[in-house]
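Data file: start.txt. Format and content: compact mmCIF, C-alpha atoms.
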```txt
# COMPACT_ATOMS: atom_id res chain seq x y z
CA ILE L 13 158.38 105.00 -39.79
CA ARG L 14 162.01 106.02 -40.37
CA GLY L 15 162.67 106.86 -36.75
CA GLU L 16 162.01 110.59 -36.98
CA LEU L 17 160.94 112.25 -33.75
CA ARG L 18 158.29 114.94 -33.68
CA LEU L 19 159.42 117.46 -31.07
CA LYS L 20 157.02 119.60 -29.08
CA LEU L 21 158.73 122.96 -28.69
CA PHE L 22 158.72 125.25 -25.66
CA ASN L 23 159.31 128.17 -28.04
CA GLU L 24 157.81 127.60 -31.48
CA ASP L 25 159.77 130.54 -32.91
CA SER L 26 163.17 129.13 -31.94
CA ASN L 27 165.41 127.50 -34.53
CA VAL L 28 168.14 126.52 -32.06
CA LEU L 29 167.44 122.78 -32.51
CA LEU L 30 167.90 123.07 -36.28
CA ASP L 31 171.51 124.21 -35.86
CA GLN L 32 172.79 121.46 -33.54
CA GLU L 33 175.08 118.55 -34.38
CA GLU L 34 174.22 116.68 -31.18
CA VAL L 35 171.72 116.90 -28.34
CA LEU L 36 171.28 115.48 -24.87
CA VAL L 37 168.36 113.05 -24.69
CA ARG L 38 166.97 112.94 -21.14
CA LEU L 39 164.65 109.96 -20.59
CA ALA L 40 161.67 110.01 -18.23
CA ASP L 41 163.63 107.93 -15.68
CA GLY L 42 166.34 110.64 -15.54
CA GLU L 43 168.92 108.73 -17.59
CA SER L 44 170.50 110.85 -20.31
CA HIS L 45 172.74 110.35 -23.35
CA GLU L 46 174.39 112.61 -25.90
CA VAL L 47 173.24 111.65 -29.38
CA SER L 48 174.28 112.90 -32.82
CA ILE L 49 171.63 114.39 -35.10
CA ASP L 50 171.35 113.05 -38.64
CA PHE L 51 168.99 115.88 -39.65
CA ALA L 52 166.29 118.19 -38.34
CA ARG L 53 163.61 120.12 -40.20
CA ARG L 54 160.56 122.26 -39.52
CA ALA L 55 157.09 120.75 -39.69
CA ASN L 56 154.49 123.45 -38.93
CA GLU L 57 154.77 124.24 -35.17
CA ALA L 58 157.08 121.29 -34.49
CA ILE L 59 160.49 120.05 -35.53
CA LEU L 60 161.08 116.62 -37.00
CA MET L 61 164.45 115.27 -35.91
CA LYS L 62 166.29 112.12 -36.91
CA LEU L 63 168.74 110.98 -34.25
CA HIS L 64 171.66 108.73 -35.09
CA SER L 65 170.81 105.09 -34.25
CA VAL L 66 167.05 105.73 -34.07
CA ASP L 67 166.08 104.04 -37.32
CA ASP L 68 162.54 102.77 -36.86
CA ARG L 69 159.22 103.46 -35.19
CA ALA L 70 159.92 101.17 -32.21
CA ARG L 71 163.14 103.02 -31.29
CA ALA L 72 161.40 106.38 -31.75
CA ASP L 73 158.43 105.25 -29.59
CA ALA L 74 160.87 104.25 -26.84
CA LEU L 75 161.86 107.93 -26.63
CA ARG L 76 158.28 109.17 -26.18
CA GLY L 77 158.21 111.64 -23.27
CA ALA L 78 161.98 112.22 -23.34
CA GLU L 79 163.38 115.75 -23.29
CA ILE L 80 165.73 116.90 -26.03
CA CYS L 81 168.24 119.38 -24.59
CA VAL L 82 170.91 121.60 -26.11
CA LYS L 83 174.07 122.92 -24.48
CA ARG L 84 173.68 126.23 -22.70
CA ALA L 85 176.27 127.81 -25.00
CA ALA L 86 173.86 127.24 -27.93
CA PHE L 87 171.04 129.26 -26.33
CA PRO L 88 170.39 132.57 -28.08
CA PRO L 89 171.14 135.68 -26.02
CA LEU L 90 168.31 137.08 -23.92
CA ALA L 91 166.93 140.59 -23.95
CA PRO L 92 166.87 142.46 -20.63
CA GLY L 93 164.15 141.09 -18.34
CA GLU L 94 163.89 137.78 -20.20
CA PHE L 95 164.77 134.35 -18.83
CA TYR L 96 164.64 130.74 -19.87
CA ALA L 97 162.02 128.41 -18.35
CA CYS L 98 164.78 126.01 -17.29
CA ASP L 99 166.34 128.81 -15.21
CA ILE L 100 163.34 129.16 -12.89
CA LYS L 101 162.39 125.53 -12.37
CA GLY L 102 163.16 124.88 -8.73
CA ALA L 103 163.00 128.59 -7.82
CA ARG L 104 161.35 129.51 -4.53
CA ALA L 105 158.04 131.36 -4.94
CA LEU L 106 157.69 133.98 -2.20
CA LEU L 107 154.67 136.10 -1.34
CA SER L 108 155.09 139.86 -0.90
CA ASP L 109 155.29 139.41 2.90
CA GLY L 110 158.29 137.07 2.43
CA SER L 111 156.44 133.85 3.26
CA GLU L 112 157.15 130.88 1.04
CA LEU L 113 154.37 129.80 -1.31
CA GLY L 114 156.24 126.83 -2.78
CA VAL L 115 158.65 125.86 -5.53
CA VAL L 116 158.29 126.51 -9.27
CA GLN L 117 157.81 123.10 -10.88
CA ASP L 118 157.04 124.11 -14.45
CA MET L 119 155.98 126.84 -16.83
CA ILE L 120 152.97 126.23 -19.09
CA GLU L 121 151.88 128.31 -22.06
CA TYR L 122 148.15 128.91 -22.42
CA PRO L 123 146.61 131.10 -25.15
CA ALA L 124 146.01 133.94 -22.67
CA SER L 125 149.38 133.84 -20.88
CA MET L 126 152.25 131.81 -19.51
CA VAL L 127 151.68 130.41 -16.03
CA LEU L 128 154.07 129.22 -13.35
CA VAL L 129 153.16 125.92 -11.73
CA VAL L 130 154.04 126.33 -8.06
CA LYS L 131 153.82 123.47 -5.58
CA GLY L 132 153.95 123.85 -1.83
CA ALA L 133 151.31 123.15 0.81
CA GLN L 134 148.94 123.78 -2.11
CA SER L 135 149.47 123.77 -5.87
CA TRP L 136 148.99 126.92 -7.92
CA GLU L 137 149.00 128.07 -11.54
CA ILE L 138 150.09 131.69 -11.35
CA PRO L 139 149.89 133.83 -14.52
CA LEU L 140 153.28 135.23 -15.40
CA VAL L 141 152.02 138.79 -15.66
CA GLU L 142 152.73 141.87 -13.56
CA ALA L 143 149.39 141.70 -11.69
CA TRP L 144 150.52 138.47 -9.98
CA VAL L 145 154.29 138.22 -10.38
CA SER L 146 156.32 141.26 -9.42
CA GLU L 147 159.83 139.86 -9.93
CA VAL L 148 161.70 136.88 -11.35
CA ASP L 149 165.22 136.83 -9.92
CA VAL L 150 167.06 134.07 -11.75
CA GLU L 151 170.35 134.78 -9.96
CA SER L 152 168.92 134.15 -6.49
CA GLY L 153 166.37 131.53 -7.60
CA VAL L 154 163.37 133.52 -6.35
CA VAL L 155 160.04 134.44 -7.91
CA ARG L 156 158.13 137.14 -6.03
CA VAL L 157 154.36 136.71 -6.16
CA SER L 158 152.61 140.02 -5.48
CA SER L 159 149.06 138.68 -5.33
CA LEU L 160 146.96 135.52 -5.41
CA GLU L 161 143.75 137.48 -5.91
CA GLY L 162 141.36 135.60 -8.17
CA ILE L 163 143.48 132.43 -8.25
CA GLU L 164 142.20 129.22 -6.65
CA PRO L 165 144.64 126.53 -5.56
CA LEU L 166 144.63 123.67 -8.10
CA ASP L 167 143.61 121.15 -5.46
CA GLN L 168 140.51 123.20 -4.57
CA ARG L 169 139.17 123.67 -8.09
CA LYS L 170 135.98 121.78 -8.71
CA PRO L 171 135.35 120.42 -12.19
CA LYS L 172 132.12 121.60 -13.77
CA PRO L 173 129.54 118.90 -14.50
CA ALA L 174 129.44 118.01 -18.19
CA ASP L 175 125.86 119.28 -18.58
CA GLU L 176 126.46 122.66 -16.86
CA HIS L 177 126.33 125.56 -19.30
CA GLU L 178 127.56 129.06 -18.77
CA GLU L 179 125.27 131.85 -19.88
CA ALA L 180 126.59 134.56 -22.13
```
Entire entry expressed as structure tokens:
Amino acid sequence: IRGELRLKLFNEDSNVLLDQEEVLVRLADGESHEVSIDFARRANEAILMKLHSVDDRARADALRGAEICVKRAAFPPLAPGEFYACDIKGARALLSDGSELGVVQDMIEYPASMVLVVKGAQSWEIPLVEAWVSEVDVESGVVRVSSLEGIEPLDQRKPKPADEHEEA
């Protein structure tokens, strides 16, 4: 009602958005603008943010689907072996024999694990665990996939009929 935005967070534990004076708003069409923040506060697993000049529901709705970005200098330091999702988008996914599987398009968090969405000749959701991913090399923009065992390409998955039940 007052133009507050409810932000879906990539990392629910991060408070980096609460400490910013301005953010970059990247619209779905790729256009982006730096905007001052009037205030930001926690609301369960989300953050409610009031951007300067977004004063009503209509202006807030116009930003639906936009990304709210902070400057790289505001990112908290990483522990060894960690990386930011934005650092591997666009990385080449290579199989252990060196052949190219595709390009990392996204990273999705499921309850069981994070997965890399890789698109090439086929699309894949590859769990970001040692059994499938042996290395993430941010510097060279390469993700090494050690195995695809047990993973079906997304375009070959068949949806189960609504009345099909699995037995325990």
For this session: Point out the residue among L:Leu140, L:Leu106, L:Val35, L:Ile59 with the least atom-to-atom distance to Tyr122 (chain L), counting all atoms listed in the file.
Result: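 Using all atoms listed in the file, Tyr122 (chain L) sits closest to L:Leu140.
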For this session: With all atoms listed in the file counted, which protein, DNA or RNA residues have an atom no more than 7 Å from (165.4, 113.3, -37.4) in the file frame? Please answer as a ChimeraX atom specification.
Result: /L:16-17,49-52,60-63
For this session: Please provide the set of residues having any atom within 12 Å of Asp167 (chain L), restricted to only C-alpha atoms, with same-chain residues fewer than 5 positions apart removed, written as JSON, numbers by chain.
Result: {"L": [130, 131, 132, 133, 134, 135, 136, 137]}
Exercise. To one decimal place, how far is CA of Ser108 (chain L) from CA of Ile138 (chain L) in Å?
Worked result: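 Taking CA of Ser108 (chain L) as the start and CA of Ile138 (chain L) as the end point, the length is 14.2 Å.
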Problem set entry | Among listed residues L:Ala85, L:Val141, L:Leu160, L:Val150, nearest Ala103 (chain L) (using all atoms listed in the file) |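 Answer, going by the shortest atom-to-atom distance: L:Val150.
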Problem set entry | Separation of CA of Ser125 (chain L) from CA of Leu36 (chain L) in Å |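 About the pair CA of Leu36 (chain L) and CA of Ser125 (chain L): they are 28.9 Å apart.
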Exercise. Distance CA of Arg104 (chain L)-CA of Ser152 (chain L), one decimal place?
Worked result: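 CA of Arg104 (chain L) sits 9.1 Å away from CA of Ser152 (chain L).
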Problem set entry | Given all atoms listed in the file as the counted atoms, nearest of L:Asp68, L:Asn56, L:Gly153, L:Val37 to Cys98 (chain L) |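 Selected residue with least distance to Cys98 (chain L): L:Gly153.
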For this session: Give me the residues within 10 Å of Val148 (chain L) as a list in words, counting all atoms listed in the file and dropping any in the same chain fewer than 5 places off.
Result: Gly93, Glu94, Phe95, Ile100, Ala103, Ala105, Leu140, Gly153, Val154, Val155, Arg156 and Val157 of chain L
Deliver the residues from the most recent selection as a file, using C-alpha atoms, as a PDB file, in the frame of the given file.
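Written file, result_34.pdb:
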```pdb
ATOM      1  CA  GLY L  93     164.150 141.090 -18.340  1.00  0.00           C
ATOM      2  CA  GLU L  94     163.890 137.780 -20.200  1.00  0.00           C
ATOM      3  CA  PHE L  95     164.770 134.350 -18.830  1.00  0.00           C
ATOM      4  CA  ILE L 100     163.340 129.160 -12.890  1.00  0.00           C
ATOM      5  CA  ALA L 103     163.000 128.590  -7.820  1.00  0.00           C
ATOM      6  CA  ALA L 105     158.040 131.360  -4.940  1.00  0.00           C
ATOM      7  CA  LEU L 140     153.280 135.230 -15.400  1.00  0.00           C
ATOM      8  CA  GLY L 153     166.370 131.530  -7.600  1.00  0.00           C
ATOM      9  CA  VAL L 154     163.370 133.520  -6.350  1.00  0.00           C
ATOM     10  CA  VAL L 155     160.040 134.440  -7.910  1.00  0.00           C
ATOM     11  CA  ARG L 156     158.130 137.140  -6.030  1.00  0.00           C
ATOM     12  CA  VAL L 157     154.360 136.710  -6.160  1.00  0.00           C
TER      13      VAL L 157
END
```
Add whatever atoms are absent from region 56-67 of chain L to reach all heavy atoms, and provide the output as a PDB file, in the frame of the given file.
```pdb
ATOM      1  N   ASN L  56     155.485 122.577 -39.560  1.00  0.00           N
ATOM      2  CA  ASN L  56     154.490 123.450 -38.930  1.00  0.00           C
ATOM      3  C   ASN L  56     155.026 123.982 -37.615  1.00  0.00           C
ATOM      4  O   ASN L  56     156.068 124.594 -37.589  1.00  0.00           O
ATOM      5  CB  ASN L  56     153.151 122.730 -38.778  1.00  0.00           C
ATOM      6  CG  ASN L  56     152.576 122.354 -40.132  1.00  0.00           C
ATOM      7  OD1 ASN L  56     152.697 123.101 -41.083  1.00  0.00           O
ATOM      8  ND2 ASN L  56     151.966 121.185 -40.211  1.00  0.00           N
ATOM      9  N   GLU L  57     154.334 123.718 -36.476  1.00  0.00           N
ATOM     10  CA  GLU L  57     154.770 124.240 -35.170  1.00  0.00           C
ATOM     11  C   GLU L  57     155.756 123.324 -34.471  1.00  0.00           C
ATOM     12  O   GLU L  57     156.117 123.560 -33.325  1.00  0.00           O
ATOM     13  CB  GLU L  57     153.563 124.452 -34.249  1.00  0.00           C
ATOM     14  CG  GLU L  57     152.576 125.494 -34.727  1.00  0.00           C
ATOM     15  CD  GLU L  57     151.488 124.892 -35.589  1.00  0.00           C
ATOM     16  OE1 GLU L  57     151.086 123.740 -35.341  1.00  0.00           O
ATOM     17  OE2 GLU L  57     151.050 125.572 -36.525  1.00  0.00           O
ATOM     18  N   ALA L  58     156.178 122.262 -35.119  1.00  0.00           N
ATOM     19  CA  ALA L  58     157.080 121.290 -34.490  1.00  0.00           C
ATOM     20  C   ALA L  58     158.372 121.202 -35.308  1.00  0.00           C
ATOM     21  O   ALA L  58     158.530 121.847 -36.332  1.00  0.00           O
ATOM     22  CB  ALA L  58     156.419 119.920 -34.413  1.00  0.00           C
ATOM     23  N   ILE L  59     159.280 120.386 -34.793  1.00  0.00           N
ATOM     24  CA  ILE L  59     160.490 120.050 -35.530  1.00  0.00           C
ATOM     25  C   ILE L  59     160.538 118.536 -35.626  1.00  0.00           C
ATOM     26  O   ILE L  59     160.273 117.830 -34.646  1.00  0.00           O
ATOM     27  CB  ILE L  59     161.751 120.593 -34.816  1.00  0.00           C
ATOM     28  CG1 ILE L  59     161.818 122.114 -34.982  1.00  0.00           C
ATOM     29  CG2 ILE L  59     163.021 119.931 -35.343  1.00  0.00           C
ATOM     30  CD1 ILE L  59     163.003 122.776 -34.327  1.00  0.00           C
ATOM     31  N   LEU L  60     160.838 118.042 -36.815  1.00  0.00           N
ATOM     32  CA  LEU L  60     161.080 116.620 -37.000  1.00  0.00           C
ATOM     33  C   LEU L  60     162.588 116.423 -36.955  1.00  0.00           C
ATOM     34  O   LEU L  60     163.334 117.107 -37.650  1.00  0.00           O
ATOM     35  CB  LEU L  60     160.523 116.123 -38.333  1.00  0.00           C
ATOM     36  CG  LEU L  60     159.004 116.185 -38.482  1.00  0.00           C
ATOM     37  CD1 LEU L  60     158.588 115.684 -39.859  1.00  0.00           C
ATOM     38  CD2 LEU L  60     158.308 115.396 -37.396  1.00  0.00           C
ATOM     39  N   MET L  61     163.020 115.488 -36.098  1.00  0.00           N
ATOM     40  CA  MET L  61     164.450 115.270 -35.910  1.00  0.00           C
ATOM     41  C   MET L  61     164.753 113.785 -36.039  1.00  0.00           C
ATOM     42  O   MET L  61     164.043 112.947 -35.500  1.00  0.00           O
ATOM     43  CB  MET L  61     164.873 115.764 -34.516  1.00  0.00           C
ATOM     44  CG  MET L  61     166.355 115.616 -34.235  1.00  0.00           C
ATOM     45  SD  MET L  61     166.802 116.308 -32.621  1.00  0.00           S
ATOM     46  CE  MET L  61     166.797 118.055 -32.999  1.00  0.00           C
ATOM     47  N   LYS L  62     165.822 113.495 -36.755  1.00  0.00           N
ATOM     48  CA  LYS L  62     166.290 112.120 -36.910  1.00  0.00           C
ATOM     49  C   LYS L  62     167.594 112.001 -36.133  1.00  0.00           C
ATOM     50  O   LYS L  62     168.583 112.654 -36.453  1.00  0.00           O
ATOM     51  CB  LYS L  62     166.504 111.800 -38.386  1.00  0.00           C
ATOM     52  CG  LYS L  62     167.228 110.511 -38.685  1.00  0.00           C
ATOM     53  CD  LYS L  62     166.402 109.308 -38.317  1.00  0.00           C
ATOM     54  CE  LYS L  62     167.092 108.016 -38.679  1.00  0.00           C
ATOM     55  NZ  LYS L  62     168.254 107.694 -37.872  1.00  0.00           N
ATOM     56  N   LEU L  63     167.561 111.207 -35.060  1.00  0.00           N
ATOM     57  CA  LEU L  63     168.740 110.980 -34.250  1.00  0.00           C
ATOM     58  C   LEU L  63     169.503 109.775 -34.770  1.00  0.00           C
ATOM     59  O   LEU L  63     168.904 108.795 -35.238  1.00  0.00           O
ATOM     60  CB  LEU L  63     168.356 110.728 -32.786  1.00  0.00           C
ATOM     61  CG  LEU L  63     167.656 111.874 -32.069  1.00  0.00           C
ATOM     62  CD1 LEU L  63     167.267 111.447 -30.667  1.00  0.00           C
ATOM     63  CD2 LEU L  63     168.527 113.109 -32.031  1.00  0.00           C
ATOM     64  N   HIS L  64     170.826 109.852 -34.677  1.00  0.00           N
ATOM     65  CA  HIS L  64     171.660 108.730 -35.090  1.00  0.00           C
ATOM     66  C   HIS L  64     171.286 107.510 -34.257  1.00  0.00           C
ATOM     67  O   HIS L  64     171.110 107.604 -33.055  1.00  0.00           O
ATOM     68  CB  HIS L  64     173.143 109.085 -34.896  1.00  0.00           C
ATOM     69  CG  HIS L  64     174.069 108.057 -35.432  1.00  0.00           C
ATOM     70  ND1 HIS L  64     174.250 107.873 -36.782  1.00  0.00           N
ATOM     71  CD2 HIS L  64     174.840 107.144 -34.805  1.00  0.00           C
ATOM     72  CE1 HIS L  64     175.110 106.897 -36.960  1.00  0.00           C
ATOM     73  NE2 HIS L  64     175.483 106.431 -35.775  1.00  0.00           N
ATOM     74  N   SER L  65     171.136 106.391 -34.849  1.00  0.00           N
ATOM     75  CA  SER L  65     170.810 105.090 -34.250  1.00  0.00           C
ATOM     76  C   SER L  65     169.331 104.914 -33.910  1.00  0.00           C
ATOM     77  O   SER L  65     168.951 103.886 -33.375  1.00  0.00           O
ATOM     78  CB  SER L  65     171.667 104.787 -33.007  1.00  0.00           C
ATOM     79  OG  SER L  65     171.206 105.507 -31.885  1.00  0.00           O
ATOM     80  N   VAL L  66     168.499 105.900 -34.227  1.00  0.00           N
ATOM     81  CA  VAL L  66     167.050 105.730 -34.070  1.00  0.00           C
ATOM     82  C   VAL L  66     166.519 105.584 -35.494  1.00  0.00           C
ATOM     83  O   VAL L  66     166.286 106.565 -36.185  1.00  0.00           O
ATOM     84  CB  VAL L  66     166.407 106.924 -33.346  1.00  0.00           C
ATOM     85  CG1 VAL L  66     164.903 106.737 -33.231  1.00  0.00           C
ATOM     86  CG2 VAL L  66     167.033 107.108 -31.973  1.00  0.00           C
ATOM     87  N   ASP L  67     166.358 104.315 -35.917  1.00  0.00           N
ATOM     88  CA  ASP L  67     166.080 104.040 -37.320  1.00  0.00           C
ATOM     89  C   ASP L  67     164.699 103.484 -37.623  1.00  0.00           C
ATOM     90  O   ASP L  67     164.387 103.202 -38.773  1.00  0.00           O
ATOM     91  CB  ASP L  67     167.135 103.060 -37.870  1.00  0.00           C
ATOM     92  CG  ASP L  67     168.529 103.670 -37.832  1.00  0.00           C
ATOM     93  OD1 ASP L  67     168.653 104.857 -38.152  1.00  0.00           O
ATOM     94  OD2 ASP L  67     169.477 102.947 -37.467  1.00  0.00           O
TER      95      ASP L  67
END
```
